[in-house]
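One structure is given below, encoded as structure tokens.
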Amino acid sequence: MKRNEYDVIIVGGGITGAGTARDCAMRGLRVLLIERHDIATGATGRNHGLLHSGARYAVTDQESASECIRENMILRRIASHCVDETDGFFITLPEDDLNYQAKFVESCLAAGINAEIVDPKEALRMEPSMNPDLIGAVKVPDGSVDPFRLCAANMLDAKLHGAQVLLYTEVTGFIKDGDRIQGIRTYNHQTHKSGEYYAPVTVNAAGIWGQHIAELAGVKIGMFPAKGALLIFAHRVNGIVINRCRKPANADILVPGDTVCVIGTTSTKIPFEECDNVQVTPDEVNLLIEEGAKLAPALASTRILRAYAGVRPLVSADNDPSGRNISRGIVCLDHETRDGLKGFVTITGGKLMTYRLMAEMATDLVCQKLAVDKACGTAETPLPGAGGKNFREVAEKIWENPTTVQKAAVGRLGMAAARMQSSDSLSQSLVCECEEVSVGEINSAIERLDVSGLTDLRRRTRVGMGTCQGELCGCRAAGLLAKAHGCADRAREDLKAFMTERWKGMYPIGWGDALREAEYTQWVYKHVLGV
Amino acid sequence: MKLQEYTASAHNFEECMKCTICTAYCPVVPVNPRYPGPKQAGPDGERLRLKDPYFFNQALKYCLNCKRCEVVCPSGVKVADIIQSARMRYDHTPPRLRDRLLANTDFMGSLARPFAPIVNGVTGLGITKTVLDVTMAIDRHRTFPKYSGRSFERWLKRRAKEQARFPKQVAYFHGCYANYNYPQLGKDFVKVMNALGIGVQLLEKEKCCGVALIANGMSQKAARNAGHNVQALQKAVDAGLTVLTTSSTCTMTLRDEYPELLKVDNASVRDSIILATRYIYQLIESGAAQLRFKENYRARIAYHTPCHLEKLGWGIFSYELLKMIPGVEFTLLDSNCCGISGTYGFKKENYEASQAIGKPLFDQIRSVNPDFVACDCETCKWQLEMSTGYTVKNPISILADALEN
């Protein structure tokens, strides 16, 4: 076998690609995963991080709802370190129809979602940040999930099962033999080298960009990009997910995730060309604050850290180029039967919540094409780092008296925190003070998790995600990267790009304390550090 | 477009810009590596604790609550309040016997008072200090404040009629120290007020302000004291009285810790609670009254500003008053925490840090070599007297000494 030959090539390093790579690798296939940027740079890293119970879809889409609750329960088992079991409320406000609640609960129960009506007063006691005017509350098994960690854990497990991962490598074309895809041509943006890789099957898991990948392969998929904007608040206002008990609408979910909480989303159709450069508008910010404050009034006066937007990979139901029949369900296309193109599979649509199921469907199809008869084991096998009842138990299993830094690391890495260096004072010293990320954790991420720059590091460790948005940690982390990569110039350029990217998210919400902080950061970098 | 008009939320820690000046000014950070510092323990830690109370760190007990972090913070973050609130909310370990004894200053005072000579004799013995050190972890180097056989309250009650004759009246929150340990301070205060033509009244059943209860994890009891005291203060204020104090820490507790930490509303009385030196200074400065001093009074005085007085911003009134006394050679000591912070320095585990914090101050006092040190705080007094050998007097007592008879 040649060095560049595989059983399957997966295009896309989001959660779907990472999950598919893991599933394929666990079934014994030789896997190559290609990603144009870094892991989780598309819709995977640009959503609420909501561990849907499925309740949101129960009334409108029973199939999605039951998929969600099944995957929800699976993720709690296999990715316990990425999941925060917060539960969720669906609240009815005075302007909402309370009759909807009965229908909602009935639909939830039919989908297998444990929905329980809670007395409004009791609900307020459980989650004091909620709008005190609420007239109804239903408790459901929602939660929060860290998409970066989940994606990194899938990627890591795929690699532990032999998969090869190439980041910052873009697919430039396909190698075809008649009606069969034989491989891909690539261009690496870091080494500036072109490459060719061969496999009997290629999986297109490129999310919204899958339309472009399909075009390169010579087939057509109709994607309908819908932008969703979200705001991150500087701390956890709520401990339990808060939703509106009504038909899904704008800005009606508030999710507590790690040290912050996130309100979203909006939904705006955008042209495909804009997918690479989405921006949050003032109107969207306004809408998010106004609607968000109806869920939790404190949001009206809570500091906002940043605004961001993602693009949902919505796809028209097959063979409906008009787009009238848009599905939010999973779409798995065998282009051999659909378009007569052999060796090409597209897995798209779906949600973060159902990534594992999507990966299973895609892998089943790949295995069928390769005549491999192996069952899927991803629903039972825990991801690296999973285990333990909660992070407290895990931390105390690893260390007798965990320090704050060690506790924080376990909150992010789970059992895998045991691998990081944390015995001496240097490795325990802080890089990121807001999120308590230590030198040891950074070095361990650089070693194990394919980090080529600061932004990659942020996705894997939360460096720069806290209140100061890189003010204190950016420079320190750049120093560690310079040491690891042996190049200070590269680190300096990287730091500039990182801080610019941080500013991009602060720009739409640039007032009050966020603006003061940004000004101060600029002063620190320009006048103290001389960068 | 109507965006958020301002982002000042109930969560004051969000205003932190991470400039870290609080940590640079914290007296504990350089001497105790186990203390994470005010920024980490306060605003940064609060975000983590909101994520999960498991992030509460027992090392927060090393905070002196000196409030220096709040004084230096350019963003107005109540750093020390955040730390103390976190201790109140998340630390559920019951206070040990030692802490209970140290914290209940008024209970211990009323218990010790009838047997004052015996108690004073016993606590002064080396063997007692060794026993307390070994059994209760109260550091053997410490000198216990002496108890007085007769309380200040009793002394003043006997003179109530005489005081009532003055045309102008104030109420006095004497605090545990003036009542049980050193009634002379209260007597000096009455002497100075009378010289200004003002009579002194007690509050209706004053209780300990509660500062030591807060510091030792007994905030519920502190809140009960606070509720009681606010009622007593309210009666005085309703009767048109200003409430004066001679202890800077009691003053800060009554004014700021009640609403911020104990969530006891004192809005209607807060502005009427004033440190005596500020009241007197303003009275003299406005020309409404004057004090006549001895012509031959001579003293070289070094003034130490207690941390809690720095928090109030009122140190200037105390030392400007002292400077008004003819014959006073005055030195203002550098701003430096003395290290004792109430009951903190009495605990064996804090002794070394406590002395290390105060060292620059002790050194400066020795090099200035004054006749005595002036300070508005009784626990600073214990620390400075023990650590330097110099006598420490409350500015009110100095005024009383210097008054023309």
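For the structure tokens, the naming scheme is as follows: chains receive sequential letters (A, B, ...) according to their order of presentation, residues are indexed from 1 within each chain, and ligands are indexed from 1 in presentation order.
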So that I can see what lies close to range 96-108 of chain B, please list as a short mmCIF file (atom, residue, chain, number, x, y, z; two decimals) with N, CA and C atoms, in the first residue's frame the residues with an atom at most 10 Å from it, counting only C-alpha atoms and leaving out residues fewer than 3 positions away in the same chain.
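New file result17.cif:
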```cif
data_model
loop_
_atom_site.label_atom_id
_atom_site.label_comp_id
_atom_site.auth_asym_id
_atom_site.auth_seq_id
_atom_site.Cartn_x
_atom_site.Cartn_y
_atom_site.Cartn_z
N THR B 93 -17.95 24.92 56.56
CA THR B 93 -17.31 24.26 57.70
C THR B 93 -17.63 25.08 58.95
N LEU B 111 -18.27 38.32 79.99
CA LEU B 111 -17.89 37.18 80.83
C LEU B 111 -16.65 37.52 81.67
N ALA B 112 -15.71 38.20 81.04
CA ALA B 112 -14.41 38.44 81.68
C ALA B 112 -14.47 39.63 82.64
N ARG B 113 -15.37 40.58 82.37
CA ARG B 113 -15.35 41.83 83.10
C ARG B 113 -15.39 41.67 84.64
N LEU B 132 -2.74 27.98 75.30
CA LEU B 132 -3.64 28.45 74.23
C LEU B 132 -3.04 28.15 72.86
N THR B 135 -3.31 24.16 72.51
CA THR B 135 -4.66 23.58 72.46
C THR B 135 -5.55 24.28 71.44
N MET B 136 -5.38 25.59 71.26
CA MET B 136 -6.35 26.30 70.45
C MET B 136 -5.74 26.99 69.23
N ALA B 137 -4.44 26.87 69.06
CA ALA B 137 -3.77 27.52 67.93
C ALA B 137 -3.95 29.04 67.95
N ILE B 138 -3.92 29.60 69.16
CA ILE B 138 -3.81 31.06 69.27
C ILE B 138 -2.34 31.33 69.53
N TYR B 147 -8.88 43.26 80.16
CA TYR B 147 -10.28 43.61 80.40
C TYR B 147 -10.36 44.58 81.57
N GLY B 175 -18.44 50.56 70.92
CA GLY B 175 -17.77 49.33 70.48
C GLY B 175 -17.31 48.51 71.67
N CYS B 176 -16.93 47.26 71.43
CA CYS B 176 -16.55 46.35 72.52
C CYS B 176 -15.28 46.81 73.23
N TYR B 177 -14.35 47.36 72.46
CA TYR B 177 -13.06 47.72 73.04
C TYR B 177 -13.20 48.80 74.11
N ASN B 179 -15.79 49.58 75.67
CA ASN B 179 -16.69 49.14 76.75
C ASN B 179 -16.01 48.19 77.72
N TYR B 180 -15.37 47.14 77.19
CA TYR B 180 -14.85 46.09 78.08
C TYR B 180 -13.36 46.20 78.37
N LYS B 207 -25.02 46.50 70.47
CA LYS B 207 -24.37 45.18 70.41
C LYS B 207 -23.08 45.30 69.61
N CYS B 208 -22.24 44.29 69.71
CA CYS B 208 -21.00 44.27 68.92
C CYS B 208 -21.35 44.50 67.46
N CYS B 209 -20.54 45.30 66.76
CA CYS B 209 -20.83 45.60 65.35
C CYS B 209 -20.83 44.33 64.52
N GLY B 210 -20.05 43.32 64.91
CA GLY B 210 -20.10 42.03 64.23
C GLY B 210 -18.92 41.74 63.33
N VAL B 211 -17.96 42.64 63.27
CA VAL B 211 -16.88 42.46 62.31
C VAL B 211 -16.11 41.16 62.55
N ALA B 212 -15.89 40.81 63.81
CA ALA B 212 -15.14 39.59 64.10
C ALA B 212 -15.99 38.35 63.80
N LEU B 213 -17.30 38.50 63.91
CA LEU B 213 -18.19 37.38 63.58
C LEU B 213 -18.13 37.10 62.08
N ILE B 214 -18.12 38.18 61.29
CA ILE B 214 -18.04 38.01 59.83
C ILE B 214 -16.73 37.30 59.48
N ALA B 215 -15.64 37.77 60.07
CA ALA B 215 -14.32 37.24 59.73
C ALA B 215 -14.18 35.78 60.12
N ASN B 216 -14.96 35.34 61.10
CA ASN B 216 -14.80 33.97 61.59
C ASN B 216 -15.95 33.05 61.19
N GLY B 217 -16.64 33.42 60.13
CA GLY B 217 -17.65 32.52 59.59
C GLY B 217 -18.95 32.46 60.37
N MET B 218 -19.26 33.50 61.13
CA MET B 218 -20.53 33.51 61.87
C MET B 218 -21.40 34.66 61.39
N LYS B 221 -25.01 35.30 62.80
CA LYS B 221 -25.07 36.02 64.07
C LYS B 221 -24.73 37.49 63.85
N ALA B 222 -23.77 37.73 62.96
CA ALA B 222 -23.40 39.11 62.65
C ALA B 222 -24.61 39.86 62.10
N GLY B 342 -7.66 42.48 63.03
CA GLY B 342 -8.60 41.94 64.02
C GLY B 342 -8.14 40.63 64.58
N THR B 343 -8.96 39.60 64.43
CA THR B 343 -8.64 38.31 65.03
C THR B 343 -7.66 37.49 64.15
N TYR B 344 -7.48 37.93 62.88
CA TYR B 344 -6.65 37.20 61.92
C TYR B 344 -5.26 36.89 62.48
N PHE B 346 -4.22 36.78 65.45
CA PHE B 346 -4.16 35.98 66.68
C PHE B 346 -4.03 34.49 66.37
N LYS B 347 -4.41 34.12 65.14
CA LYS B 347 -4.40 32.70 64.80
C LYS B 347 -2.99 32.26 64.46
#
```
For Gly17 in chain A, work out the shell of residues within 9 Å, counting only C-alpha atoms and skipping chain neighbours fewer than 2 positions away, then give it as a PyMOL selection string. chain A and resi 10-15+19-22+33-35+151+155+203-207+347+355+359
Enumerate the residues of range 109-258 of chain B with a DSSP assignment of strand (DSSP E), computed from the backbone, and present them as a PDB file with C-alpha atoms, in the first residue's frame.
```pdb
ATOM      1  CA  LYS B 168     -26.230  69.837  72.067  1.00  0.00           C
ATOM      2  CA  GLN B 169     -26.301  66.026  72.113  1.00  0.00           C
ATOM      3  CA  VAL B 170     -24.685  63.159  70.221  1.00  0.00           C
ATOM      4  CA  ALA B 171     -25.004  59.382  70.558  1.00  0.00           C
ATOM      5  CA  TYR B 172     -21.889  57.247  70.923  1.00  0.00           C
ATOM      6  CA  PHE B 173     -21.299  53.799  69.467  1.00  0.00           C
ATOM      7  CA  ILE B 198     -21.823  68.550  73.553  1.00  0.00           C
ATOM      8  CA  GLY B 199     -23.368  65.891  75.796  1.00  0.00           C
ATOM      9  CA  VAL B 200     -22.983  62.164  75.087  1.00  0.00           C
ATOM     10  CA  GLN B 201     -25.734  59.544  75.144  1.00  0.00           C
ATOM     11  CA  LEU B 202     -25.566  55.760  74.807  1.00  0.00           C
ATOM     12  CA  VAL B 243     -23.914  58.770  66.081  1.00  0.00           C
ATOM     13  CA  LEU B 244     -20.189  59.130  66.690  1.00  0.00           C
ATOM     14  CA  THR B 245     -17.603  56.389  66.907  1.00  0.00           C
TER      15      THR B 245
END
```
Can I get the residues of chain A within 6 Å of chain B, each with the closest pair of atoms and their distance in Å to one decimal, using only C-alpha atoms, sorted chain first then ascending number, as JSON lines?
```
{"residue": "A:His235", "atom": "CA", "partner": "B:Arg47", "partner_atom": "CA", "distance": 5.7}
{"residue": "A:Thr259", "atom": "CA", "partner": "B:Lys51", "partner_atom": "CA", "distance": 5.4}
{"residue": "A:Asn286", "atom": "CA", "partner": "B:Leu3", "partner_atom": "CA", "distance": 6.0}
{"residue": "A:Ser301", "atom": "CA", "partner": "B:Thr7", "partner_atom": "CA", "distance": 4.7}
{"residue": "A:Thr302", "atom": "CA", "partner": "B:Ser9", "partner_atom": "CA", "distance": 5.4}
{"residue": "A:Arg303", "atom": "CA", "partner": "B:Thr7", "partner_atom": "CA", "distance": 5.3}
{"residue": "A:Cys434", "atom": "CA", "partner": "B:Asp44", "partner_atom": "CA", "distance": 5.5}
{"residue": "A:Gly512", "atom": "CA", "partner": "B:Thr7", "partner_atom": "CA", "distance": 5.9}
{"residue": "A:Glu517", "atom": "CA", "partner": "B:Met17", "partner_atom": "CA", "distance": 5.5}
```
What lies within 10 Å of range 120-133 of chain A using only C-alpha atoms, ignoring chain neighbours under 4 positions off, as number ranges by chain? A: 88-89, 91-94, 137-139, 236-242, 293-299
Expected file: the selected residues, N, CA and C atoms, as a CSV table (one decimal), in the first residue's frame:
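Below you can see again35.csv, which holds the result:
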```csv
chain,number,residue,atom,x,y,z
A,88,GLY,N,-33.3,21.7,31.6
A,88,GLY,CA,-33.7,22.9,30.9
A,88,GLY,C,-35.2,23.2,31.3
A,89,PHE,N,-35.6,24.5,31.2
A,89,PHE,CA,-37.0,24.9,31.4
A,89,PHE,C,-37.5,25.4,30.1
A,91,ILE,N,-40.4,28.0,29.4
A,91,ILE,CA,-41.3,28.9,30.2
A,91,ILE,C,-42.3,29.5,29.3
A,92,THR,N,-43.5,29.7,29.9
A,92,THR,CA,-44.5,30.4,29.2
A,92,THR,C,-44.6,31.8,29.8
A,93,LEU,N,-44.6,32.9,29.0
A,93,LEU,CA,-44.7,34.2,29.5
A,93,LEU,C,-46.1,34.7,29.3
A,94,PRO,N,-46.5,35.8,30.0
A,94,PRO,CA,-47.9,36.2,29.8
A,94,PRO,C,-48.4,36.4,28.4
A,137,ALA,N,-44.1,26.6,33.5
A,137,ALA,CA,-42.7,26.1,33.3
A,137,ALA,C,-42.7,24.6,33.1
A,138,VAL,N,-42.0,24.1,32.2
A,138,VAL,CA,-41.8,22.7,31.9
A,138,VAL,C,-40.4,22.3,32.0
A,139,LYS,N,-40.0,21.3,32.8
A,139,LYS,CA,-38.6,20.9,32.9
A,139,LYS,C,-38.4,19.7,32.0
A,236,ARG,N,-22.1,33.1,34.0
A,236,ARG,CA,-23.4,32.4,34.0
A,236,ARG,C,-24.5,33.1,34.7
A,237,VAL,N,-25.4,33.6,34.0
A,237,VAL,CA,-26.6,34.3,34.6
A,237,VAL,C,-27.5,33.2,35.1
A,238,ASN,N,-27.6,32.1,34.3
A,238,ASN,CA,-28.5,31.0,34.7
A,238,ASN,C,-27.7,29.7,34.9
A,239,GLY,N,-28.3,28.8,35.7
A,239,GLY,CA,-27.7,27.5,35.9
A,239,GLY,C,-28.4,26.5,35.1
A,240,ILE,N,-29.6,26.8,34.7
A,240,ILE,CA,-30.5,25.8,33.9
A,240,ILE,C,-30.8,26.5,32.6
A,241,VAL,N,-30.8,25.7,31.5
A,241,VAL,CA,-31.1,26.2,30.2
A,241,VAL,C,-32.6,26.8,30.2
A,242,ILE,N,-32.7,28.0,29.6
A,242,ILE,CA,-34.1,28.6,29.6
A,242,ILE,C,-34.5,28.7,28.1
A,293,ALA,N,-33.7,39.3,27.3
A,293,ALA,CA,-34.1,39.9,28.6
A,293,ALA,C,-35.5,39.4,29.0
A,294,LYS,N,-36.3,38.9,28.0
A,294,LYS,CA,-37.6,38.4,28.4
A,294,LYS,C,-37.5,37.0,29.0
A,295,LEU,N,-36.4,36.3,28.7
A,295,LEU,CA,-36.1,35.0,29.4
A,295,LEU,C,-35.5,35.2,30.7
A,296,ALA,N,-34.5,36.1,30.8
A,296,ALA,CA,-33.8,36.4,32.0
A,296,ALA,C,-33.6,37.9,32.1
A,297,PRO,N,-34.3,38.6,32.8
A,297,PRO,CA,-34.2,40.1,32.8
A,297,PRO,C,-32.8,40.6,33.1
A,298,ALA,N,-32.0,39.8,33.8
A,298,ALA,CA,-30.7,40.3,34.1
A,298,ALA,C,-29.8,40.5,32.9
A,299,LEU,N,-30.2,39.9,31.8
A,299,LEU,CA,-29.4,40.0,30.5
A,299,LEU,C,-29.4,41.5,30.1
```
